[in-house]
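In what follows, a single structure is set out as structure tokens and then discussed.
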Amino acid sequence: MPDTAFRPFPRLRVGDRVAAVAPAGPFERPKFEAGLAVIAARYDVRYEPGIFSGERYLAGDDLRRRAELAAALSDPQIKAVFCARGGYGALRLLAGLEPLNPGHKPLVGFSDITALHAWLQRTGRISIHGPVLTQLALLDSRAHERLFALLEHAEPAATLHGSETYVAGVAEGPLLGGTLAVLSRLLGTGFLPPLEGAILLLEDVGERPYRLDRMWTHLALAGVFRQVRGIVLGSFTGCEERDAPYSSADVLRDLAAETGLPCAAGFPIGHGARNEPVPLGVRVRLDATAQTLTFLEGAAA
């Protein structure tokens, strides 16, 4: 990549038509409808009846989920696409999405949706690592306002603050990444975006420390930390080993130190009580010493 420029998406306006899709796991309808109400108060939301499908741990079979996503991304009347839930399943869609030329519009989601973000970043698109619809109503109004500002205004997002410096230093580059477990599964597939010069965002949920170590080491062995310039760590929720004399933070701190890259932790991004939306693909400045993530350009134009 070195320093590839990602194209901003056209700004949304109140009343624009948007789509809700379920490209991964099934979801609880009340939580979905609560999140839907948040965006429906601002946009004209459309979704297909099949969104409520369920097949084992998926929101319907691959054909249904891929067709729904492809239609939303390709329809010029749809100005943004909001994912209902993460879970699992987006990886299964990637090969079938290769021929698609997605419209230039934001996709909003996180967790398993990391796979779709990576695919979009390979095509030079900016997307939004942010709350899925089943999470949206559980977050406070600050997260809602930040999300709408990202979608509707050309100004850079407000600076985010972490809580701890793992490796001091400053680095700049496009922000890429997402959930560690999903991102590590893309190694060797051709769907991982080029990471040279990037600031790498990582977060996760429910992964015990040794599993975090294994996935991080996988990235290291694949040369990822020789390519990126800095590391932003979001929330690692439910990642503790019961009765262990060490924490997931202890493990991550040591792993970060081994890279020698500027790294700050504790940013309110991911599966925690706060999940501040951030644009992937925009240039950022990570000041790990000051524990700040500053956005240098807007996601929309």
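So you can find residues: chains in the structure tokens are A, B, ... in the order shown, residues in each start at 1, and ligands are numbered from 1 in order.
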Where does stretch 77-96 of chain A meet stretch 185-204 of chain A within 9 Å, residue by residue, with the nearest atom pair and distance in Å to one decimal for each, counting only C-alpha atoms, listed by chain and rising number, as CSV?
```
residue,atom,partner,partner_atom,distance
A:Leu91,CA,A:Leu186,CA,8.5
A:Leu94,CA,A:Phe191,CA,7.8
A:Ala95,CA,A:Phe191,CA,8.9
```
Got time to write the residues from that selection, N, CA and C atoms, as a compact mmCIF listing (two decimals), in the first residue's frame?
```txt
# COMPACT_ATOMS: atom_id res chain seq x y z
N LEU A 91 -16.92 -14.34 6.43
CA LEU A 91 -15.82 -14.98 5.72
C LEU A 91 -16.32 -15.88 4.60
N LEU A 94 -16.83 -14.11 1.05
CA LEU A 94 -15.81 -13.34 0.36
C LEU A 94 -15.53 -13.83 -1.05
N ALA A 95 -15.37 -15.12 -1.23
CA ALA A 95 -15.03 -15.63 -2.56
C ALA A 95 -16.10 -15.26 -3.58
```
- Message: Taking only stretch 71-191 of chain A into account, list the residues labelled helix (DSSP H, G or I) by DSSP (computed from the backbone), as a PyMOL selection string.
- Response: chain A and resi 71-74+90-97+111-122+133-136+141-152+180-185
Since we have the selection now, will you write its residues out, keeping C-alpha atoms, as a PDB file, in the first residue's frame?
```pdb
ATOM      1  CA  ALA A  71     -27.934  -5.980  -3.821  1.00  0.00           C
ATOM      2  CA  ALA A  72     -27.536  -3.355  -1.102  1.00  0.00           C
ATOM      3  CA  LEU A  73     -23.994  -2.466  -2.154  1.00  0.00           C
ATOM      4  CA  SER A  74     -24.892  -2.301  -5.855  1.00  0.00           C
ATOM      5  CA  ALA A  90     -18.944 -12.983   6.567  1.00  0.00           C
ATOM      6  CA  LEU A  91     -15.817 -14.982   5.717  1.00  0.00           C
ATOM      7  CA  ARG A  92     -17.987 -17.471   3.850  1.00  0.00           C
ATOM      8  CA  LEU A  93     -19.166 -14.722   1.476  1.00  0.00           C
ATOM      9  CA  LEU A  94     -15.811 -13.341   0.362  1.00  0.00           C
ATOM     10  CA  ALA A  95     -15.031 -15.629  -2.559  1.00  0.00           C
ATOM     11  CA  GLY A  96     -18.448 -15.014  -4.101  1.00  0.00           C
ATOM     12  CA  LEU A  97     -18.089 -11.254  -3.716  1.00  0.00           C
ATOM     13  CA  SER A 111     -16.643  -7.956  14.822  1.00  0.00           C
ATOM     14  CA  ASP A 112     -17.182 -10.586  12.086  1.00  0.00           C
ATOM     15  CA  ILE A 113     -17.834  -7.699   9.666  1.00  0.00           C
ATOM     16  CA  THR A 114     -14.047  -7.141   9.822  1.00  0.00           C
ATOM     17  CA  ALA A 115     -13.853  -9.558   6.866  1.00  0.00           C
ATOM     18  CA  LEU A 116     -16.055  -7.277   4.743  1.00  0.00           C
ATOM     19  CA  HIS A 117     -14.135  -4.180   5.799  1.00  0.00           C
ATOM     20  CA  ALA A 118     -10.912  -5.841   4.655  1.00  0.00           C
ATOM     21  CA  TRP A 119     -12.482  -6.706   1.301  1.00  0.00           C
ATOM     22  CA  LEU A 120     -13.639  -3.116   0.840  1.00  0.00           C
ATOM     23  CA  GLN A 121     -10.242  -1.713   1.786  1.00  0.00           C
ATOM     24  CA  ARG A 122      -8.670  -3.902  -0.900  1.00  0.00           C
ATOM     25  CA  LEU A 133     -27.804  -2.617  14.733  1.00  0.00           C
ATOM     26  CA  THR A 134     -28.309  -5.087  17.585  1.00  0.00           C
ATOM     27  CA  GLN A 135     -25.777  -3.119  19.645  1.00  0.00           C
ATOM     28  CA  LEU A 136     -26.674   0.405  18.582  1.00  0.00           C
ATOM     29  CA  SER A 141     -26.160   9.159  22.343  1.00  0.00           C
ATOM     30  CA  ARG A 142     -22.490  10.123  21.962  1.00  0.00           C
ATOM     31  CA  ALA A 143     -21.843   7.040  19.831  1.00  0.00           C
ATOM     32  CA  HIS A 144     -24.954   7.751  17.753  1.00  0.00           C
ATOM     33  CA  GLU A 145     -23.918  11.350  17.184  1.00  0.00           C
ATOM     34  CA  ARG A 146     -20.372  10.331  16.258  1.00  0.00           C
ATOM     35  CA  LEU A 147     -21.696   7.786  13.755  1.00  0.00           C
ATOM     36  CA  PHE A 148     -24.019  10.285  12.073  1.00  0.00           C
ATOM     37  CA  ALA A 149     -21.239  12.900  11.969  1.00  0.00           C
ATOM     38  CA  LEU A 150     -18.916  10.408  10.253  1.00  0.00           C
ATOM     39  CA  LEU A 151     -21.558   9.636   7.657  1.00  0.00           C
ATOM     40  CA  GLU A 152     -22.811  13.166   7.020  1.00  0.00           C
ATOM     41  CA  LEU A 180      -8.056  -9.842  15.776  1.00  0.00           C
ATOM     42  CA  ALA A 181      -9.646 -13.290  15.431  1.00  0.00           C
ATOM     43  CA  VAL A 182     -11.184 -12.422  12.059  1.00  0.00           C
ATOM     44  CA  LEU A 183      -8.248 -10.432  10.718  1.00  0.00           C
ATOM     45  CA  SER A 184      -5.808 -13.257  11.443  1.00  0.00           C
ATOM     46  CA  ARG A 185      -8.020 -15.656   9.447  1.00  0.00           C
TER      47      ARG A 185
END
```
- Message: Taking only stretch 179-295 of chain A into account, list the residues labelled strand (DSSP E) by DSSP (computed from the backbone), as a PyMOL selection string.
- Response: chain A and resi 179+199-205+230-237+263-265+278-280+283-287+292-295
- Query: What gap, in Å, lies between atom CA of A:Arg211 and atom CA of A:Phe236?
  - Reply: 12.0 Å
- Message: Give me the residues near A:Arg125 as an NGL selection string, where near means some atom within 9 Å (using only C-alpha atoms) and where sequence neighbours in that chain fewer than 6 positions away do not count.
- Response: :A and (6-9 or 104-106 or 117 or 119 or 280-281)
Store the residues of this selection in a file with C-alpha atoms, as a PDB file, in the first residue's frame.
```
ATOM      1  CA  PHE A   6      -8.640   5.656   0.066  1.00  0.00           C
ATOM      2  CA  ARG A   7     -11.531   7.504  -1.549  1.00  0.00           C
ATOM      3  CA  PRO A   8     -14.076   9.144   0.769  1.00  0.00           C
ATOM      4  CA  PHE A   9     -17.694   8.159   0.233  1.00  0.00           C
ATOM      5  CA  HIS A 104     -18.996   3.775  -3.259  1.00  0.00           C
ATOM      6  CA  LYS A 105     -20.965   3.870  -0.025  1.00  0.00           C
ATOM      7  CA  PRO A 106     -20.183   3.209   3.641  1.00  0.00           C
ATOM      8  CA  HIS A 117     -14.135  -4.180   5.799  1.00  0.00           C
ATOM      9  CA  TRP A 119     -12.482  -6.706   1.301  1.00  0.00           C
ATOM     10  CA  LEU A 280     -11.170   2.527   8.286  1.00  0.00           C
ATOM     11  CA  GLY A 281      -8.945   3.737   5.457  1.00  0.00           C
TER      12      GLY A 281
END
```
- Skipping near chain neighbours, those fewer than 5 positions away, what residues fall within 10 Å of A:Arg64 using only C-alpha atoms, listed as an NGL selection string? :A and (22-23 or 50-51 or 53 or 59 or 69-70)
Preceding selection exported with C-alpha atoms as a short mmCIF file (atom, residue, chain, number, x, y, z; two decimals), in the first residue's frame:
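Output below, filename selection_7.cif:
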```
data_model
loop_
_atom_site.label_atom_id
_atom_site.label_comp_id
_atom_site.auth_asym_id
_atom_site.auth_seq_id
_atom_site.Cartn_x
_atom_site.Cartn_y
_atom_site.Cartn_z
CA ALA A 22 -27.46 -9.62 7.92
CA PRO A 23 -24.29 -11.02 6.29
CA GLY A 50 -35.17 -12.79 4.51
CA ILE A 51 -33.01 -10.84 6.96
CA SER A 53 -33.72 -16.13 8.39
CA ALA A 59 -28.64 -15.62 9.19
CA LEU A 69 -25.39 -7.79 0.67
CA ALA A 70 -24.57 -7.54 -3.04
#
```
- Item | Which of A:Gly298, A:Gly223, A:Pro262, A:Pro131 sits closest to A:Phe82 [using only C-alpha atoms] |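 Between A:Gly298, A:Gly223, A:Pro262, A:Pro131, the residue approaching A:Phe82 most closely is A:Pro131.
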- Leaving out A:Gly260 and any residue of its chain fewer than 3 positions from it, which residues lie within 10 Å of it when counting only C-alpha atoms, given as a ChimeraX atom specification? /A:166-169,225-226,229-230,255-257,263
Shell around A:Leu107 at 8 Å using only C-alpha atoms, local window under 5 positions removed, as a PDB file with N, CA and C atoms, in the first residue's frame:
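Contents of part25.pdb, as written:
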```pdb
ATOM      1  N   ALA A  80     -26.050   3.915   2.175  1.00  0.00           N
ATOM      2  CA  ALA A  80     -25.223   3.323   3.225  1.00  0.00           C
ATOM      3  C   ALA A  80     -25.805   1.964   3.577  1.00  0.00           C
ATOM      4  N   VAL A  81     -24.957   1.082   4.120  1.00  0.00           N
ATOM      5  CA  VAL A  81     -25.381  -0.270   4.473  1.00  0.00           C
ATOM      6  C   VAL A  81     -25.015  -0.525   5.935  1.00  0.00           C
ATOM      7  N   PHE A  82     -26.019  -0.884   6.735  1.00  0.00           N
ATOM      8  CA  PHE A  82     -25.830  -1.149   8.161  1.00  0.00           C
ATOM      9  C   PHE A  82     -25.994  -2.644   8.420  1.00  0.00           C
ATOM     10  N   CYS A  83     -25.036  -3.237   9.108  1.00  0.00           N
ATOM     11  CA  CYS A  83     -25.090  -4.663   9.395  1.00  0.00           C
ATOM     12  C   CYS A  83     -25.861  -4.921  10.681  1.00  0.00           C
ATOM     13  N   HIS A 117     -14.942  -5.401   5.814  1.00  0.00           N
ATOM     14  CA  HIS A 117     -14.135  -4.180   5.799  1.00  0.00           C
ATOM     15  C   HIS A 117     -12.833  -4.425   5.036  1.00  0.00           C
ATOM     16  N   SER A 127     -14.650   2.474   5.017  1.00  0.00           N
ATOM     17  CA  SER A 127     -15.841   1.927   5.660  1.00  0.00           C
ATOM     18  C   SER A 127     -15.802   2.277   7.143  1.00  0.00           C
ATOM     19  N   ILE A 128     -16.895   1.971   7.835  1.00  0.00           N
ATOM     20  CA  ILE A 128     -17.025   2.399   9.231  1.00  0.00           C
ATOM     21  C   ILE A 128     -17.006   1.187  10.164  1.00  0.00           C
TER      22      ILE A 128
END
```
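Compared by their closest atoms to A:Ala41, and using only C-alpha atoms, the residues A:Leu58, A:Ala158, A:Ala299, A:Val14 rank with A:Val14 nearest.
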- Item | Point-to-point distance in Å for atom CA of A:Pro30 and atom CA of A:Thr179 |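 It comes out at 25.2 Å.
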